[in-house]
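Q: Structure in structure tokens, see below.
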Amino acid sequence: MPAPSPSQIESPTKGFLNAAGLQGEDVPGLAAAIANTTGQALTMFLSQAMTMPGIPVAADPITGTGASAGPGQLMPPPAGGPGASQLEGLASGQCQAQGLRGEDADGLAKAIAGTVAQGIALFCAQSMVMPGIPVAGFVSSGPGMLQPVPLASTLEGIANGLLSQNGIRGEAAPDLAKALAQGVDLGLTMFAGQVMVSPGIPCPPGASAGPGRLM
């Protein structure tokens with residue numbers, strides 16, 4: 001399945017912004033900018049992400065039939081996903097497309113890009129490839145699943161710091177940070193539920209011997 005689309009993320013993100021007390025004519029555009037940046041970043045992540053070799057494998061040494069017997073890890077960015085510098089231009093373009101301009105626009109785009117990038121990095125560090133991937137002929141023969149991880153509370157602090165660092169302060173800034181973190185966390189939770197590990201990983205008895213791709 002594909003990565004979550006911006007349309008899947010946009011409506012809940014608008015709800016997060018409203019629940020945080022953020023109102024006004026710019027809120028729909030802000031929700032769209034966050035959702036579009038997150039959705040496109042997750043599509044980039046899907047194309048770049050790799051599973052690390054070393055997933056425990058219990059396979060018959062003669063037939064090569066069995067299954068993965070333990071969790072696996074994802075390769076960290078920059079090799080396994082986009083970083084903030086790759087996403088800043090994307091976020092800036094999305095903010096402009098939604099009519100979010102002015103002296104705070106660049107800082108907002110950097111904060112969105114940084115939060116999304118940190119979310120992906122945290123997901124790579126904490127999410128695991130779940131055991132139970134079937135193995136036939138010493139190669140994984142079926143898809144694997146990713147474990148979702150709750151990141152909203154951690155991302156909230158990161159978003160708050162990035163907003164402040166980029167000149168966006170005031171009484172509404174913590175509320176914006178909370179909603180931004182919730183939107184990115186939602187996208188990553190959907191990612192874990194929709195994306196799978198592709199078959200074809202070399203799996204000799206003991207542990208996987210090569211990286212895997214996501215699909």
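Starting from 1 in every chain, residues are counted up; chains themselves are A, B, ... following the order of the structure tokens, and ligands are numbered from 1 as listed.
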So that each row is one residue of region 107-177 of chain A with an atom at most 12 Å from region 183-206 of chain A, can you give its shortest atom pair and the distance in Å to one decimal, using only C-alpha atoms, rows by chain and rising number, as a tab-separated table?

A:
```
residue	atom	partner	partner_atom	distance
A:Ala111	CA	A:Val184	CA	12.0
A:Ile112	CA	A:Val184	CA	9.1
A:Ala113	CA	A:Val184	CA	10.3
A:Gly114	CA	A:Val184	CA	10.8
A:Thr115	CA	A:Val184	CA	7.6
A:Val116	CA	A:Val184	CA	6.1
A:Ala117	CA	A:Val184	CA	9.5
A:Gln118	CA	A:Val184	CA	9.7
A:Gly119	CA	A:Val184	CA	6.9
A:Ile120	CA	A:Leu188	CA	7.5
A:Ala121	CA	A:Leu188	CA	10.8
A:Leu122	CA	A:Leu188	CA	10.1
A:Phe123	CA	A:Leu188	CA	7.4
A:Cys124	CA	A:Leu188	CA	10.4
A:Gln126	CA	A:Ala192	CA	11.7
A:Ser127	CA	A:Ala192	CA	8.4
A:Met128	CA	A:Ala192	CA	9.8
A:Val129	CA	A:Val197	CA	7.8
A:Met130	CA	A:Val197	CA	9.7
A:Pro131	CA	A:Val197	CA	11.4
A:Gly132	CA	A:Val197	CA	11.7
A:Ile133	CA	A:Pro199	CA	8.5
A:Pro134	CA	A:Pro199	CA	8.8
A:Val135	CA	A:Cys203	CA	7.1
A:Ala136	CA	A:Cys203	CA	8.7
A:Gly137	CA	A:Cys203	CA	8.4
A:Phe138	CA	A:Cys203	CA	4.8
A:Val139	CA	A:Pro202	CA	4.5
A:Ser140	CA	A:Gly200	CA	5.1
A:Ser141	CA	A:Pro199	CA	5.2
A:Gly142	CA	A:Pro199	CA	5.0
A:Pro143	CA	A:Ser198	CA	5.2
A:Gly144	CA	A:Val197	CA	4.6
A:Met145	CA	A:Met196	CA	5.1
A:Leu146	CA	A:Ala192	CA	5.3
A:Gln147	CA	A:Ala192	CA	6.2
A:Pro148	CA	A:Ala192	CA	5.2
A:Val149	CA	A:Thr189	CA	7.0
A:Pro150	CA	A:Asp185	CA	7.1
A:Leu151	CA	A:Asp185	CA	5.7
A:Ala152	CA	A:Asp185	CA	5.3
A:Ser153	CA	A:Asp185	CA	9.1
A:Thr154	CA	A:Asp185	CA	9.7
A:Leu155	CA	A:Asp185	CA	7.8
A:Glu156	CA	A:Asp185	CA	9.7
A:Ile158	CA	A:Val184	CA	11.7
A:Ala159	CA	A:Val184	CA	10.2
A:Leu176	CA	A:Gly183	CA	10.5
A:Ala177	CA	A:Gly183	CA	9.9
```

Q: May I have the residues within 7 Å of Thr51 (chain A) as a list in words, using only C-alpha atoms and disregarding those fewer than 3 positions away in the same chain?

A: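 Here the answer would be Gln73, Leu74, Met75, Pro211, Gly212 and Arg213 of chain A.
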
Q: Output C-alpha atoms of each residue in that selection to a file, as a PDB file, in the first residue's frame.

A:
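Okay, out-v2.pdb is ready:
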```
ATOM      1  CA  GLN A  73      15.366  -2.328  12.744  1.00  0.00           C
ATOM      2  CA  LEU A  74      15.032   0.413  10.160  1.00  0.00           C
ATOM      3  CA  MET A  75      18.047   2.198   8.732  1.00  0.00           C
ATOM      4  CA  PRO A 211      18.668  -4.975   3.698  1.00  0.00           C
ATOM      5  CA  GLY A 212      14.992  -4.931   2.813  1.00  0.00           C
ATOM      6  CA  ARG A 213      12.756  -2.382   1.155  1.00  0.00           C
TER       7      ARG A 213
END
```

Q: To test your reading of the structure, identify every residue in region 133-165 of chain A that backbone DSSP assigns to helix (DSSP H, G or I), and report it as a list in words.

A: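 Put together, the selection reads Ala152, Ser153, Thr154, Leu155, Glu156, Gly157, Ile158, Ala159, Asn160, Gly161, Leu162, Leu163, Ser164 and Gln165 of chain A.
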
Q: Calculated over only C-alpha atoms, which of the candidates A:Gln86, A:Ser7, A:Gln98, A:Asn166 has the smallest distance to Val27 (chain A)?

A: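 For Val27 (chain A), the nearest of the given residues is A:Gln98.
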
Q: Expressed in Å to a single decimal, how great is the separation between CA of Asp175 (chain A) and CA of Asp106 (chain A)?

A: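 For CA of Asp175 (chain A) relative to CA of Asp106 (chain A), the distance reads 18.9 Å.
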
Q: Which one of A:Ala79, A:Ile168, A:Ser85, A:Ala58 sits closest to Asp104 (chain A) if you count only C-alpha atoms?

A: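 Smallest separation from Asp104 (chain A) among the options: A:Ile168.
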